[in-house]
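Printed here is model-v3.csv (CSV, C-alpha atoms):
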```csv
chain,number,residue,atom,x,y,z
A,7,MET,CA,72.8,158.5,69.5
A,8,GLY,CA,71.7,155.4,67.5
A,9,ARG,CA,74.0,152.5,66.7
A,10,LYS,CA,76.0,152.6,63.6
A,11,LYS,CA,74.7,150.5,60.7
A,12,MET,CA,76.9,147.8,59.2
A,13,ILE,CA,76.8,146.1,55.8
A,14,LEU,CA,79.0,143.0,55.4
A,15,ASP,CA,80.1,142.3,51.8
A,16,LEU,CA,81.6,138.8,51.7
A,17,ASP,CA,82.3,135.6,50.0
A,18,THR,CA,81.1,133.4,52.8
A,19,GLY,CA,83.9,131.0,53.6
A,20,ILE,CA,85.1,130.1,57.1
A,21,ASP,CA,86.6,133.4,58.3
A,22,ASP,CA,83.7,135.2,56.7
A,23,ALA,CA,81.4,133.0,58.8
A,24,LEU,CA,83.3,134.2,61.9
A,25,ALA,CA,82.9,137.8,60.7
A,26,ILE,CA,79.1,137.3,60.5
A,27,ALA,CA,79.1,135.8,64.0
A,28,TYR,CA,81.3,138.7,65.4
A,29,ALA,CA,79.0,141.3,63.9
A,30,LEU,CA,75.9,139.6,65.3
A,31,ALA,CA,77.6,139.4,68.7
A,32,SER,CA,78.5,143.1,68.9
A,33,THR,CA,75.9,145.3,70.5
A,34,GLU,CA,77.6,148.5,69.2
A,35,ILE,CA,76.4,148.1,65.7
A,36,ASP,CA,73.3,147.0,63.8
A,37,LEU,CA,74.0,144.6,61.0
A,38,ILE,CA,71.4,145.7,58.4
A,39,GLY,CA,72.4,143.3,55.5
A,40,ILE,CA,74.9,141.1,53.8
A,41,VAL,CA,75.9,141.4,50.2
A,42,GLY,CA,77.2,138.3,48.5
A,43,SER,CA,80.5,138.2,46.6
A,44,TYR,CA,82.6,135.5,44.8
A,45,GLY,CA,86.0,134.4,45.9
A,46,ASN,CA,86.2,131.5,48.4
A,47,LEU,CA,83.4,130.0,46.3
A,48,GLN,CA,80.7,131.0,43.8
A,49,MET,CA,78.6,134.0,44.8
A,50,LEU,CA,75.3,132.1,44.9
A,51,ALA,CA,76.7,129.4,47.1
A,52,GLY,CA,78.2,132.0,49.5
A,53,VAL,CA,74.8,133.7,49.7
A,54,GLN,CA,73.2,130.4,50.7
A,55,ASN,CA,75.9,129.9,53.3
A,56,SER,CA,75.1,133.4,54.7
A,57,LEU,CA,71.4,132.6,54.9
A,58,ASN,CA,72.1,129.3,56.6
A,59,LEU,CA,74.5,130.9,59.2
A,60,LEU,CA,72.1,133.7,60.0
A,61,ASN,CA,69.4,131.0,60.6
A,62,LEU,CA,71.8,129.0,62.8
A,63,LEU,CA,72.7,132.1,64.8
A,64,GLY,CA,69.1,133.1,65.5
A,65,GLU,CA,69.0,136.1,63.1
A,66,SER,CA,66.9,135.0,60.2
A,67,ASN,CA,65.5,138.5,59.6
A,68,ILE,CA,68.7,140.1,58.3
A,69,PRO,CA,68.4,140.3,54.5
A,70,VAL,CA,71.1,138.8,52.2
A,71,TYR,CA,71.6,140.4,48.7
A,72,LEU,CA,73.2,139.1,45.5
A,73,GLY,CA,76.3,140.9,44.4
A,74,GLU,CA,78.5,140.5,41.3
A,75,LYS,CA,79.5,137.0,40.2
A,76,HIS,CA,82.9,137.8,38.8
A,77,SER,CA,85.5,140.6,38.5
A,78,ILE,CA,84.9,143.7,36.4
A,79,THR,CA,87.4,142.5,33.8
A,80,THR,CA,86.1,138.9,33.3
A,81,GLN,CA,82.9,137.2,32.2
A,82,SER,CA,83.0,134.3,34.7
A,83,PHE,CA,84.6,133.1,37.8
A,84,ASP,CA,86.1,129.7,38.7
A,85,THR,CA,86.9,128.9,42.3
A,86,LEU,CA,90.6,128.3,42.9
A,87,GLU,CA,91.7,124.9,44.1
A,88,ILE,CA,93.6,126.6,47.0
A,89,SER,CA,90.3,128.2,48.1
A,90,GLN,CA,88.7,124.7,48.1
A,91,GLU,CA,91.5,123.3,50.1
A,92,ILE,CA,91.3,126.1,52.8
A,93,HIS,CA,87.5,126.5,53.0
A,94,GLY,CA,86.2,123.1,51.7
A,95,MET,CA,84.0,122.5,48.7
A,96,ASN,CA,81.0,124.1,50.3
A,97,GLY,CA,83.0,127.1,51.8
A,98,LEU,CA,82.4,126.0,55.3
A,99,GLY,CA,84.8,123.1,55.8
A,100,ASP,CA,82.4,120.7,54.2
A,101,ILE,CA,80.4,120.8,57.4
A,102,LYS,CA,76.7,120.6,56.7
A,103,ILE,CA,74.5,123.1,58.6
A,104,PRO,CA,70.7,123.2,58.3
A,105,LYS,CA,69.6,124.8,55.1
A,106,SER,CA,67.6,128.0,55.4
A,107,SER,CA,64.5,128.1,53.3
A,108,ARG,CA,64.5,131.9,53.3
A,109,PRO,CA,65.0,133.5,49.9
A,110,TYR,CA,67.7,136.1,49.2
A,111,ALA,CA,66.5,139.7,48.8
A,112,SER,CA,65.0,140.8,45.5
A,113,GLU,CA,66.9,144.1,45.4
A,114,SER,CA,70.5,143.9,44.0
A,115,GLY,CA,73.3,144.2,46.4
A,116,ILE,CA,74.8,147.1,44.5
A,117,ASP,CA,71.5,149.1,44.9
A,118,PHE,CA,71.3,148.1,48.5
A,119,ILE,CA,74.7,149.7,49.2
A,120,ILE,CA,73.7,152.8,47.3
A,121,ASP,CA,70.3,153.1,49.0
A,122,SER,CA,71.9,152.5,52.5
A,123,ALA,CA,74.5,155.2,51.8
A,124,HIS,CA,71.8,157.8,51.1
A,125,GLU,CA,69.7,156.7,54.1
A,126,PHE,CA,72.3,156.3,56.8
A,127,GLN,CA,75.2,158.4,55.4
A,128,SER,CA,77.9,158.9,58.0
A,129,ASP,CA,76.3,156.3,60.3
A,130,LEU,CA,77.0,153.6,57.6
A,131,ILE,CA,80.0,151.3,57.9
A,132,ILE,CA,80.7,148.9,55.0
A,133,VAL,CA,83.0,145.9,55.7
A,134,PRO,CA,84.1,144.1,52.5
A,135,THR,CA,85.9,140.9,53.3
A,136,GLY,CA,86.1,139.6,49.7
A,137,PRO,CA,86.9,141.2,46.4
A,138,LEU,CA,86.0,144.9,46.1
A,139,THR,CA,83.9,144.4,42.9
A,140,ASN,CA,80.5,145.2,44.5
A,141,LEU,CA,81.8,148.5,46.1
A,142,SER,CA,83.5,149.5,42.9
A,143,LEU,CA,80.3,149.0,40.9
A,144,ALA,CA,78.3,150.9,43.5
A,145,ILE,CA,80.5,154.0,43.4
A,146,LYS,CA,80.6,153.8,39.6
A,147,LYS,CA,76.7,153.7,39.5
A,148,ASP,CA,76.4,156.5,42.0
A,149,PRO,CA,79.6,158.5,42.7
A,150,LYS,CA,77.8,160.6,45.4
A,151,ILE,CA,78.1,157.7,47.8
A,152,GLU,CA,81.9,158.2,48.0
A,153,THR,CA,81.3,161.2,50.3
A,154,LEU,CA,78.2,159.9,52.1
A,155,ILE,CA,79.5,156.5,53.5
A,156,GLY,CA,80.8,156.9,57.1
A,157,LYS,CA,83.7,154.5,56.6
A,158,VAL,CA,84.9,151.4,54.7
A,159,VAL,CA,86.9,148.9,56.7
A,160,LEU,CA,88.2,146.2,54.3
A,161,MET,CA,90.0,143.0,54.8
A,162,GLY,CA,92.5,142.8,52.0
A,163,GLY,CA,96.0,143.8,50.8
A,164,ALA,CA,99.4,143.6,52.3
A,165,LEU,CA,101.7,146.6,52.7
A,166,THR,CA,104.6,145.6,54.9
A,167,ILE,CA,104.8,141.8,54.2
A,168,PRO,CA,104.4,139.6,51.1
A,169,GLY,CA,101.1,138.6,49.6
A,170,ASN,CA,99.5,135.2,50.2
A,171,VAL,CA,98.7,134.2,46.6
A,172,THR,CA,101.7,135.8,44.8
A,173,ALA,CA,104.8,137.4,46.2
A,174,VAL,CA,103.0,140.8,46.3
A,175,ALA,CA,99.2,140.1,46.2
A,176,GLU,CA,96.7,139.2,48.8
A,177,ALA,CA,93.8,136.9,47.7
A,178,ASN,CA,90.8,139.4,47.9
A,179,ILE,CA,92.6,142.2,46.1
A,180,ASN,CA,94.1,139.7,43.6
A,181,GLN,CA,90.5,138.6,42.6
A,182,ASP,CA,89.8,142.0,41.1
A,183,PRO,CA,92.8,144.4,41.1
A,184,GLU,CA,91.0,146.9,38.9
A,185,ALA,CA,88.0,147.2,41.2
A,186,ALA,CA,90.3,147.4,44.2
A,187,ASN,CA,92.3,150.2,42.6
A,188,GLU,CA,89.1,152.2,41.8
A,189,VAL,CA,88.0,151.9,45.5
A,190,PHE,CA,91.4,153.0,46.8
A,191,GLN,CA,91.5,155.9,44.3
A,192,SER,CA,88.0,157.0,45.4
A,193,LYS,CA,87.1,159.6,48.1
A,194,LEU,CA,85.9,156.8,50.4
A,195,PRO,CA,87.4,156.9,53.9
A,196,ILE,CA,89.1,153.5,54.0
A,197,THR,CA,90.8,151.5,56.7
A,198,MET,CA,92.8,148.6,55.2
A,199,VAL,CA,93.0,145.6,57.5
A,200,GLY,CA,95.5,143.4,55.6
A,201,LEU,CA,97.8,140.5,56.1
A,202,ASP,CA,100.1,142.9,58.1
A,203,VAL,CA,97.8,142.4,61.1
A,204,THR,CA,95.4,139.5,60.3
A,205,LEU,CA,98.3,137.0,60.4
A,206,LYS,CA,99.0,138.1,63.9
A,207,THR,CA,95.5,137.1,65.2
A,208,LEU,CA,95.4,133.3,65.3
A,209,LEU,CA,92.8,130.8,66.7
A,210,THR,CA,93.8,127.3,67.8
A,211,LYS,CA,92.0,124.1,68.7
A,212,LYS,CA,92.2,125.2,72.3
A,213,GLU,CA,89.6,127.9,71.5
A,214,THR,CA,87.4,125.6,69.4
A,215,GLU,CA,87.5,123.1,72.3
A,216,LEU,CA,85.9,125.8,74.5
A,217,TRP,CA,83.1,126.2,72.0
A,218,ARG,CA,82.5,122.4,72.0
A,219,GLU,CA,82.1,122.6,75.8
A,220,ILE,CA,79.2,125.1,75.3
A,221,ASP,CA,77.5,122.2,73.4
A,222,SER,CA,74.9,124.2,71.4
A,223,PRO,CA,74.1,123.7,67.7
A,224,SER,CA,76.0,126.8,66.7
A,225,SER,CA,79.0,126.2,69.0
A,226,ARG,CA,79.4,122.6,67.7
A,227,ALA,CA,79.0,123.7,64.0
A,228,PHE,CA,81.5,126.5,64.4
A,229,ALA,CA,84.0,124.3,66.2
A,230,ASP,CA,83.9,121.7,63.4
A,231,ILE,CA,84.1,124.4,60.7
A,232,VAL,CA,87.1,126.2,62.3
A,233,ASP,CA,88.9,122.9,63.1
A,234,TYR,CA,88.8,122.2,59.3
A,235,TYR,CA,90.3,125.6,58.7
A,236,ILE,CA,93.1,125.1,61.3
A,237,ASN,CA,93.9,121.7,59.7
A,238,ALA,CA,94.0,123.3,56.3
A,239,TYR,CA,96.5,125.9,57.6
A,240,ALA,CA,98.6,123.1,59.1
A,241,ASN,CA,98.5,121.1,55.8
A,242,LEU,CA,99.7,124.1,53.8
A,243,LYS,CA,102.7,124.5,56.2
A,244,THR,CA,102.0,128.2,56.8
A,245,ASN,CA,104.4,128.3,59.8
A,246,LEU,CA,101.4,129.6,61.7
A,247,ASP,CA,100.2,128.0,64.9
A,248,GLY,CA,96.5,128.0,64.2
A,249,CYS,CA,94.3,129.9,61.6
A,250,ALA,CA,94.3,133.6,60.9
A,251,LEU,CA,91.1,135.6,61.9
A,252,HIS,CA,91.3,137.7,58.7
A,253,ASP,CA,87.7,138.8,58.3
A,254,PRO,CA,86.5,139.0,61.9
A,255,LEU,CA,89.4,141.4,62.7
A,256,ALA,CA,88.1,143.8,60.0
A,257,VAL,CA,84.7,143.7,61.7
A,258,ALA,CA,86.3,144.3,65.1
A,259,VAL,CA,88.3,147.2,63.8
A,260,ALA,CA,85.2,148.7,62.2
A,261,ILE,CA,83.7,148.7,65.7
A,262,ASP,CA,86.8,149.7,67.7
A,263,ALA,CA,89.5,151.4,65.7
A,264,SER,CA,91.8,151.5,68.7
A,265,LEU,CA,92.6,147.7,68.2
A,266,VAL,CA,95.1,148.6,65.5
A,267,THR,CA,97.8,151.2,64.9
A,268,THR,CA,97.4,152.7,61.4
A,269,LEU,CA,99.6,154.5,58.9
A,270,PRO,CA,97.8,157.2,56.8
A,271,ILE,CA,98.8,156.7,53.2
A,272,ASN,CA,97.0,157.2,49.9
A,273,MET,CA,97.0,153.8,48.2
A,274,LYS,CA,96.8,152.3,44.8
A,275,VAL,CA,96.6,148.7,43.4
A,276,ASP,CA,98.8,147.6,40.6
A,277,THR,CA,96.8,146.1,37.8
A,278,GLU,CA,99.6,145.0,35.4
A,279,ALA,CA,102.0,142.0,35.6
A,280,PRO,CA,104.4,141.3,37.3
A,281,PHE,CA,103.0,143.2,40.3
A,282,SER,CA,99.2,142.8,39.6
A,283,GLY,CA,97.3,142.9,42.9
A,284,ARG,CA,100.0,144.7,44.9
A,285,THR,CA,98.6,147.3,47.4
A,286,ILE,CA,101.2,150.1,47.7
A,287,GLY,CA,101.4,153.8,48.3
A,288,ASP,CA,100.3,155.9,45.3
A,289,GLU,CA,103.3,158.1,44.3
A,290,THR,CA,101.0,160.5,42.4
A,291,ARG,CA,99.3,161.5,45.7
A,292,LEU,CA,102.3,161.4,47.9
A,293,ASN,CA,102.2,165.1,48.6
A,294,SER,CA,98.5,165.4,49.0
A,295,ASN,CA,97.6,167.0,52.3
A,296,GLN,CA,95.0,164.4,53.1
A,297,ALA,CA,95.2,160.6,53.0
A,298,THR,CA,91.8,159.0,52.4
A,299,THR,CA,93.2,155.6,53.5
A,300,VAL,CA,94.8,154.4,56.7
A,301,VAL,CA,96.6,151.0,56.8
A,302,ALA,CA,96.7,148.8,59.9
A,303,VAL,CA,100.3,147.9,60.6
A,304,ALA,CA,100.0,146.7,64.2
A,305,VAL,CA,97.3,145.0,66.3
A,306,GLU,CA,96.5,144.5,70.0
A,307,THR,CA,96.3,140.7,69.5
A,308,GLU,CA,95.5,139.6,73.0
A,309,ARG,CA,92.7,142.2,73.5
A,310,PHE,CA,91.2,141.3,70.2
A,311,LEU,CA,91.3,137.6,70.8
A,312,SER,CA,89.8,138.0,74.3
A,313,THR,CA,87.0,140.1,73.0
A,314,PHE,CA,86.4,137.7,70.0
A,315,MET,CA,86.1,134.7,72.3
A,316,THR,CA,83.9,136.4,74.8
A,317,ARG,CA,81.5,137.7,72.2
A,318,LEU,CA,81.3,134.5,70.1
A,319,SER,CA,81.0,132.3,73.2
A,320,THR,CA,78.1,134.4,74.4
A,321,LEU,CA,76.4,134.2,71.0
A,322,PHE,CA,76.9,130.5,70.7
A,323,SER,CA,75.5,129.8,74.2
A,324,LYS,CA,72.2,131.4,73.1
A,325,ASN,CA,71.8,129.4,69.8
```

Is it possible to express this structure as structure tokens?
Amino acid sequence: MGRKKMILDLDTGIDDALAIAYALASTEIDLIGIVGSYGNLQMLAGVQNSLNLLNLLGESNIPVYLGEKHSITTQSFDTLEISQEIHGMNGLGDIKIPKSSRPYASESGIDFIIDSAHEFQSDLIIVPTGPLTNLSLAIKKDPKIETLIGKVVLMGGALTIPGNVTAVAEANINQDPEAANEVFQSKLPITMVGLDVTLKTLLTKKETELWREIDSPSSRAFADIVDYYINAYANLKTNLDGCALHDPLAVAVAIDASLVTTLPINMKVDTEAPFSGRTIGDETRLNSNQATTVVAVAVETERFLSTFMTRLSTLFSKN
């Protein structure tokens, strides 16, 4: 049996960079491409970050595709000030890493998702860790992929706790509630890895110090980038001792579902004020026999952190 194929769909900020590293460090899957999104920064800037990171991590053959630049209900996108505070102006804690001269792929990210769904079908895992705009546009363009894709494991939403940008909304879902609702209402088999579990998986400077000791170009860069993130969390007075591993947890769950306990529930996303961006059970599908979505509500924190550190330290020691 061949390895599952993974597509990362991300707005490459700091935890997205850690998600890329985790995917590259995991032998169970084959990362076949990255699709750029907007969110932590502008889409094109995030695509360049992805190309630079792949180069830094010794994987400069993995293609990076352009996704949508803004939500399905807007004509443009402006990076939020809070995103710049958390991820830095360049999305990577304002740490400069060597620029990759490699171009992005000529095919659109939407078409890459569709083509991959037809080629790999149940062996394909899509991990969106930004807004769900690209995935929404892909299923709109080719609804057949809803029943072809093996699974979607997304970082976004909050079911049992408050949101992080409003009282009810998590940042990724809040960027494009309409697209998120279309994805949740689709036939796609979804695992939602939201704030309910990602805020329980924290990294501290104790871990980044271990990366510094490896003393390779990638370990030094990632230690600097993540220290910026940890400081940003402290400045925001989040009551968290460290920074949350939002996006890498989604990649980890895509590889090993046993890391989380899930609740099967058909979901919807509210698109109107005052609850816009809220991820909640869909009352119209409450008595449906089958839930297309499962929501992670508990996580084996120590096992995930241990695996995360082992995999990334191994990867960093080679690059």

Which one of A:Leu130, A:Val159, A:Leu165, A:Leu255 sits closest to Phe314 in chain A if you count all atoms listed in the file?
->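 So, comparing all the options, the nearest one is A:Leu255.
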
For Ala25 in chain A, list every protein, DNA or RNA residue within 10 Å, evaluated using all atoms listed in the file, and leave out those in the same chain fewer than 2 positions away; present the list as a VMD selection string.
-> chain A and resid 14 16 18 to 23 27 to 31 133 135 251 to 258 314

Close residues, Asn272 in chain A itself excluded, 10 Å, only C-alpha atoms, min 5 positions apart in chain, as a list in words | Phe190, Gln191, Ile196, Ile286, Gly287, Asp288, Glu289, Thr290, Arg291, Leu292, Asn293, Ser294, Gln296, Ala297, Thr298, Thr299, Val300 and Val301 of chain A

Store the residues picked out above, limited to C-alpha atoms, as a short mmCIF file (atom, residue, chain, number, x, y, z; two decimals), in the frame of the given file.
```cif
data_model
loop_
_atom_site.label_atom_id
_atom_site.label_comp_id
_atom_site.auth_asym_id
_atom_site.auth_seq_id
_atom_site.Cartn_x
_atom_site.Cartn_y
_atom_site.Cartn_z
CA PHE A 190 91.40 153.00 46.80
CA GLN A 191 91.50 155.90 44.30
CA ILE A 196 89.10 153.50 54.00
CA ILE A 286 101.20 150.10 47.70
CA GLY A 287 101.40 153.80 48.30
CA ASP A 288 100.30 155.90 45.30
CA GLU A 289 103.30 158.10 44.30
CA THR A 290 101.00 160.50 42.40
CA ARG A 291 99.30 161.50 45.70
CA LEU A 292 102.30 161.40 47.90
CA ASN A 293 102.20 165.10 48.60
CA SER A 294 98.50 165.40 49.00
CA GLN A 296 95.00 164.40 53.10
CA ALA A 297 95.20 160.60 53.00
CA THR A 298 91.80 159.00 52.40
CA THR A 299 93.20 155.60 53.50
CA VAL A 300 94.80 154.40 56.70
CA VAL A 301 96.60 151.00 56.80
#
```

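If you count all atoms listed in the file and draw a sphere of 7 Å around (94.2, 141.5, 56.3), the protein and nucleic acid residues inside it come out as Met161, Gly162, Gly163, Ala164, Val199, Gly200, Leu201, Asp202, Val203, Thr204 and His252 of chain A.
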
Could those selected residues go to a file with C-alpha atoms, as a CSV table (one decimal), in the frame of the given file?
```csv
chain,number,residue,atom,x,y,z
A,161,MET,CA,90.0,143.0,54.8
A,162,GLY,CA,92.5,142.8,52.0
A,163,GLY,CA,96.0,143.8,50.8
A,164,ALA,CA,99.4,143.6,52.3
A,199,VAL,CA,93.0,145.6,57.5
A,200,GLY,CA,95.5,143.4,55.6
A,201,LEU,CA,97.8,140.5,56.1
A,202,ASP,CA,100.1,142.9,58.1
A,203,VAL,CA,97.8,142.4,61.1
A,204,THR,CA,95.4,139.5,60.3
A,252,HIS,CA,91.3,137.7,58.7
```

Please provide as a list in words all residues within 9 Å of range 99-106 of chain A, with the sequence filter that same-chain residues fewer than 6 positions apart are discarded (counting all atoms listed in the file).
-> Gly19, Ile20, Gln54, Asn55, Leu57, Asn58, Leu59, Leu60, Asn61, Leu62, Ser66, Gln90, Glu91, Ile92, His93, Ala227, Asp230, Ile231, Val232, Asp233, Tyr234 and Tyr235 of chain A

For range 316-319 of chain A, work out the shell of residues within 9 Å, counting all atoms listed in the file and skipping chain neighbours fewer than 4 positions away, then give it as a list of chain:residue names.
-> A:Leu24, A:Ala27, A:Tyr28, A:Leu30, A:Ala31, A:Ser32, A:Leu216, A:Trp217, A:Ile220, A:Ser225, A:Leu311, A:Ser312, A:Ser323, A:Lys324

Written selection (C-alpha atoms) as a CSV table (one decimal), keeping the file's coordinate frame:
```
chain,number,residue,atom,x,y,z
A,24,LEU,CA,83.3,134.2,61.9
A,27,ALA,CA,79.1,135.8,64.0
A,28,TYR,CA,81.3,138.7,65.4
A,30,LEU,CA,75.9,139.6,65.3
A,31,ALA,CA,77.6,139.4,68.7
A,32,SER,CA,78.5,143.1,68.9
A,216,LEU,CA,85.9,125.8,74.5
A,217,TRP,CA,83.1,126.2,72.0
A,220,ILE,CA,79.2,125.1,75.3
A,225,SER,CA,79.0,126.2,69.0
A,311,LEU,CA,91.3,137.6,70.8
A,312,SER,CA,89.8,138.0,74.3
A,323,SER,CA,75.5,129.8,74.2
A,324,LYS,CA,72.2,131.4,73.1
```

Could you pull the residues within 8 Å of range 107-111 of chain A, counting all atoms listed in the file, minus those fewer than 2 positions along the same chain, as a PyMOL selection string?
-> chain A and resi 53+57+66+69-72+105+113-114
